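Worksheet for the structure shown next.
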Amino acid sequence: MTATRPQFLRWEVMLALVVLALGYFAWQDQRAAPVQEGAVVLLVPDGMSASAPQARMWRDAASEEGVQLQVLAVSEWARAVTRHHRQWPALIVPDTFQRSLDDTAVRLLREQVRAGTRLMLVYDAGLLDGQGHYAPGASRFSDLTGMQYGLYDTLHAGMTTSSQIRGSAAMMEHLQIPPGRYLDLHADFQHDSVMFSGRPMSREVAVNGYRQGDEGQTFPVLVTRGQPTQVLLHSEQGYPILSRQVLGKGETLFVNLPIGYLKQRTDGIFLSGMLRYFVQDMLGWPRLANTPDGKGGIVLNWHVDSTPAIPALQELQKAGVLDEGPYSYHFTAGPDVYHPGDGAGMNVPANPEVRALIQDLARRGNAIGDHGGWIHNYFGERINDSNGPEYVQYLDLNQQALTAVLGYAPREYSAPVGNTPRWTLRWLEQHHFLGLYLTGDIGMGTTRTWLGQERLSPTLWMFPVLTMGELATAEDVHQEGVPLALYSDWLGAVVRFVRENQAVRLVYFHPPGAVMVLPAVRTFVQEMRACRLAGDCRWFTLTQMADFMNRREAVQWTHTLAAEGDVLSASAPQTLAQMSWWVPQARFGRPEVLSGQVRIDAHGNQWRITVLSGKDIRVRLPHAR
């Protein structure tokens, strides 16, 4: 029996629909896991977007460290591996929000590492299976880390413990943890006059917090059994905290620390430093420098809040301390300090001497900012998250007073007694401020700070203060009886740190406190001056650094992997001037400029590619022989 024409049409339509469906699913496969050249892939749970707070927190850290990061759902990644046999060079499985992984994903990760992938595996990542249960015995990733951990069956709640982070001073600084954030294990501020620069960098030290108590800061770590290929940091009990393990052609960096969780609690130094290590040391990929021209330096922040500051500034000027700079001077402008009517304040509107001082400092290229609201201690000790309507007037008064003196509005801020309720941040945003000093994220460079699943500000750059252990101010040092030589030793170590790491950090003084330790402050400024004259360091203001970081965020750049030599390309809507890239010499020979105005030099074991002018560059990165 011969098919009728309508039957043929039905078969043709069905065949066309099948072809369209196959094409659609193939297209969906292709777009499900796009490949971003030279990017580290952050694996997130299905349904989590790249704009979700958990993912954005990692994206912020990657951006600040100059790392290309691609956010990808686990199922999309797994489909690309199984259907298209893609091999990703670099993967991260994060802590806290990626605790559950099914057995298929775990198997694929193993296969990828054996075939050559570099994997950054963080803390409790994948400890739970697809149904939310702990794997029997130990973590399914134990072979990737060289250790058994996640020992819930035998240890239950004891599978984690609290510990210090210990390691060599050299490793701490390689992770961008500065002197003062780490201390000798048995630091004695009252008797030890040489602690930071007079001993070998191989000595054992521990991470310290700010106001964490005499025993030092402790962190949650997982109990482990076994020894990986290389241990970089360890707990006081001997459990590896940062370690490397080779498996097949690939390697795993295991971070036995909840670095994502810590970043959500204003302690982001570990996420940033360990991500940087992964890209720089394990992958050998380029990074966009987070300092102008790839140069290190100091943001020196002066908090000027009461009348004793005037003779102190005069004494500092005589000592030559104020001849350097530019510095960031922040003023509390009202007539009082402790309570209304005490008359102990700077009284900027009515004091011609103070007004002339501010104008002179501004003329010399320094940045002038607000130090809170009008009455220093009264404002700082009383404000909280709920009383903004009552106290916002003091921010207005301070800003109006300084604007009247300068002829323009200040754009940087520091909080009296470090008290920064959210409503003060909203006020700063509304008044177009750029950045502020911060008592969180201790030891970090310029950063975006997170608290829980909220970035504290969508626009403001935070400048965490450096501390010497639990001591933040010169007054602290003087009152605690710390030897002047020790304090000077720490300040000198900070200069060495920013020079060797080409990093920028904030140090702050009150003028009267600086006079108390004047020999140490004068030596510090002289050491920075020598570093500046050698071309290795600079002074920066908060405004300069915030402006640079905002301009840096507009840079578009790619790192294209190629057998004959990688290519780095970059562009910006205005200019790429002052943008630099760090390129590890262990992987690449001297870069070759294909287009653009570029300077190439070396610092340590890195090439530094710095743009002199223009909007576009292309640079070839020949592989090292």
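Naming works like this for the structure tokens: A, B, ... for the chains as they're shown, residue 1 at the start of each chain, ligands 1 onward in shown order.
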
Point to revise | 6 Å contact set for Val465 in chain A, only C-alpha atoms, chain neighbours under 3 positions out, as JSON, numbers by chain | key: {"A": [439, 506, 507]}

Can I get the selected residues back with C-alpha atoms, as a PDB file, in the first residue's frame?
```
ATOM      1  CA  THR A 439      39.261  48.157  61.413  1.00  0.00           C
ATOM      2  CA  LEU A 506      47.549  51.670  55.266  1.00  0.00           C
ATOM      3  CA  VAL A 507      49.337  52.839  58.432  1.00  0.00           C
TER       4      VAL A 507
END
```

Excluding same-chain residues fewer than 4 positions from range 322-338 of chain A, what lies within 8 Å of it counting only C-alpha atoms, as a PDB file with C-alpha atoms, in the first residue's frame?
```pdb
ATOM      1  CA  VAL A 299      48.792  55.126  52.598  1.00  0.00           C
ATOM      2  CA  LEU A 300      49.712  57.183  55.667  1.00  0.00           C
ATOM      3  CA  ASN A 301      46.499  58.282  57.356  1.00  0.00           C
ATOM      4  CA  TRP A 302      46.605  61.034  60.012  1.00  0.00           C
ATOM      5  CA  HIS A 303      43.584  61.326  62.339  1.00  0.00           C
ATOM      6  CA  VAL A 304      43.375  64.898  63.630  1.00  0.00           C
ATOM      7  CA  ASP A 305      40.628  65.221  66.211  1.00  0.00           C
ATOM      8  CA  SER A 306      41.536  67.548  69.108  1.00  0.00           C
ATOM      9  CA  LEU A 316      56.322  66.639  63.327  1.00  0.00           C
ATOM     10  CA  GLN A 317      56.926  69.359  60.726  1.00  0.00           C
ATOM     11  CA  ASP A 342      33.963  70.898  76.399  1.00  0.00           C
ATOM     12  CA  GLY A 343      35.905  73.140  73.983  1.00  0.00           C
ATOM     13  CA  ALA A 344      38.588  70.502  73.303  1.00  0.00           C
ATOM     14  CA  GLY A 345      37.955  70.198  69.559  1.00  0.00           C
ATOM     15  CA  MET A 346      39.666  71.659  66.478  1.00  0.00           C
ATOM     16  CA  ASN A 347      36.827  74.182  65.910  1.00  0.00           C
ATOM     17  CA  VAL A 348      37.597  74.482  62.197  1.00  0.00           C
ATOM     18  CA  PRO A 349      34.927  77.135  61.408  1.00  0.00           C
ATOM     19  CA  ARG A 364      51.092  70.633  49.321  1.00  0.00           C
ATOM     20  CA  GLY A 365      49.203  67.841  47.578  1.00  0.00           C
ATOM     21  CA  ASN A 366      47.843  66.016  50.603  1.00  0.00           C
ATOM     22  CA  ALA A 367      44.279  64.674  50.709  1.00  0.00           C
ATOM     23  CA  ILE A 368      41.899  66.115  53.311  1.00  0.00           C
ATOM     24  CA  GLY A 369      39.112  63.920  54.634  1.00  0.00           C
ATOM     25  CA  ASP A 370      36.434  63.701  57.309  1.00  0.00           C
ATOM     26  CA  HIS A 371      37.209  61.993  60.615  1.00  0.00           C
ATOM     27  CA  GLY A 372      33.688  61.204  61.554  1.00  0.00           C
ATOM     28  CA  GLY A 373      31.120  63.677  62.805  1.00  0.00           C
ATOM     29  CA  TRP A 374      32.019  66.951  64.441  1.00  0.00           C
ATOM     30  CA  ILE A 375      32.530  65.746  68.071  1.00  0.00           C
ATOM     31  CA  HIS A 376      35.005  62.850  67.972  1.00  0.00           C
ATOM     32  CA  ASN A 377      34.402  60.713  71.071  1.00  0.00           C
ATOM     33  CA  TYR A 378      30.804  61.809  71.585  1.00  0.00           C
ATOM     34  CA  LEU A 397      28.396  69.594  59.961  1.00  0.00           C
ATOM     35  CA  ASN A 398      31.864  68.085  59.557  1.00  0.00           C
ATOM     36  CA  ALA A 401      33.041  72.876  57.671  1.00  0.00           C
ATOM     37  CA  LEU A 402      35.825  71.232  55.642  1.00  0.00           C
ATOM     38  CA  GLU A 412      37.666  60.114  52.043  1.00  0.00           C
ATOM     39  CA  TYR A 413      36.662  59.189  55.578  1.00  0.00           C
ATOM     40  CA  SER A 414      37.726  57.534  58.819  1.00  0.00           C
ATOM     41  CA  VAL A 525      59.432  58.104  57.003  1.00  0.00           C
ATOM     42  CA  ARG A 529      61.782  58.134  51.426  1.00  0.00           C
ATOM     43  CA  TRP A 539      53.172  57.379  49.167  1.00  0.00           C
ATOM     44  CA  PHE A 540      49.497  57.179  48.232  1.00  0.00           C
ATOM     45  CA  THR A 541      46.352  58.853  49.531  1.00  0.00           C
ATOM     46  CA  LEU A 542      43.055  57.029  49.933  1.00  0.00           C
TER      47      LEU A 542
END
```

Point to revise | Contact residues around range 576-584 of chain A with only C-alpha atoms at 9 Å, ignoring same-chain residues under 6 positions, as an MDAnalysis selection string | key: chainID A and resid 66 280:281 284:294 548 551:552 555 570 591 597 605:617 621

For those residues, write C-alpha atoms to a file as a PDB file, in the first residue's frame.
```pdb
ATOM      1  CA  GLY A  66      43.853  40.484  39.225  1.00  0.00           C
ATOM      2  CA  GLN A 280      50.618  32.691  40.567  1.00  0.00           C
ATOM      3  CA  ASP A 281      52.488  29.665  41.936  1.00  0.00           C
ATOM      4  CA  GLY A 284      51.871  30.423  36.578  1.00  0.00           C
ATOM      5  CA  TRP A 285      49.304  32.706  34.938  1.00  0.00           C
ATOM      6  CA  PRO A 286      49.416  36.522  34.570  1.00  0.00           C
ATOM      7  CA  ARG A 287      47.674  38.747  37.120  1.00  0.00           C
ATOM      8  CA  LEU A 288      46.528  42.350  36.840  1.00  0.00           C
ATOM      9  CA  ALA A 289      48.425  44.318  39.492  1.00  0.00           C
ATOM     10  CA  ASN A 290      46.317  46.096  42.119  1.00  0.00           C
ATOM     11  CA  THR A 291      48.699  49.034  42.555  1.00  0.00           C
ATOM     12  CA  PRO A 292      49.472  51.928  40.161  1.00  0.00           C
ATOM     13  CA  ASP A 293      52.346  50.968  37.830  1.00  0.00           C
ATOM     14  CA  GLY A 294      52.685  47.777  39.855  1.00  0.00           C
ATOM     15  CA  PHE A 548      42.944  53.960  40.553  1.00  0.00           C
ATOM     16  CA  ARG A 551      39.608  52.946  36.811  1.00  0.00           C
ATOM     17  CA  ARG A 552      41.093  49.450  37.056  1.00  0.00           C
ATOM     18  CA  VAL A 555      39.833  47.281  32.259  1.00  0.00           C
ATOM     19  CA  ALA A 570      43.808  44.451  27.300  1.00  0.00           C
ATOM     20  CA  PRO A 591      57.297  39.265  27.178  1.00  0.00           C
ATOM     21  CA  GLN A 597      52.959  51.665  24.679  1.00  0.00           C
ATOM     22  CA  ASN A 605      60.817  36.267  39.961  1.00  0.00           C
ATOM     23  CA  GLN A 606      58.094  38.115  38.009  1.00  0.00           C
ATOM     24  CA  TRP A 607      57.988  40.091  34.800  1.00  0.00           C
ATOM     25  CA  ARG A 608      56.133  43.383  35.180  1.00  0.00           C
ATOM     26  CA  ILE A 609      54.278  44.681  32.119  1.00  0.00           C
ATOM     27  CA  THR A 610      53.289  48.335  32.629  1.00  0.00           C
ATOM     28  CA  VAL A 611      51.205  50.430  30.228  1.00  0.00           C
ATOM     29  CA  LEU A 612      52.566  53.928  29.633  1.00  0.00           C
ATOM     30  CA  SER A 613      49.655  55.297  27.599  1.00  0.00           C
ATOM     31  CA  GLY A 614      46.876  54.294  25.218  1.00  0.00           C
ATOM     32  CA  LYS A 615      43.681  52.272  25.367  1.00  0.00           C
ATOM     33  CA  ASP A 616      44.845  48.905  23.977  1.00  0.00           C
ATOM     34  CA  ILE A 617      47.806  46.534  24.270  1.00  0.00           C
ATOM     35  CA  LEU A 621      54.163  35.620  26.518  1.00  0.00           C
TER      36      LEU A 621
END
```

Review point. What is the distance, in Å and to one decimal place, between CA of Gly443 in chain A and CA of Pro464 in chain A?
Key: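 Rounded to one decimal, the two atoms are 6.4 Å apart.
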
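The shortest atom-to-atom distance to Val93 in chain A, with only C-alpha atoms taken into account, belongs to A:Pro45 out of A:Gly130, A:Gly297, A:Pro45, A:Gly226.
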
Point to revise | Coordinates-based distance that separates CA of Glu204 in chain A from CA of Ala170 in chain A (Å, one decimal) | key: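 Between CA of Ala170 in chain A and CA of Glu204 in chain A the gap works out to 9.4 Å.
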
Point to revise | DSSP-assigned strand (DSSP E or B) members of range 345-471 of chain A, reported as number ranges by chain | key: A: 367-371, 412-414, 435-438, 447, 450-451, 454-455, 461-465, 468, 471

Exercise for review: Identify all residues of range 286-391 of chain A in alpha helix (DSSP H) (DSSP on the backbone) and supply them as a VMD selection string.
Suggested key: chain A and resid 309 to 318 352 to 363 376 to 382 388 to 391

Revision key, fill the gap. CA of His432 in chain A to CA of Val405 in chain A measures 18.5 Å
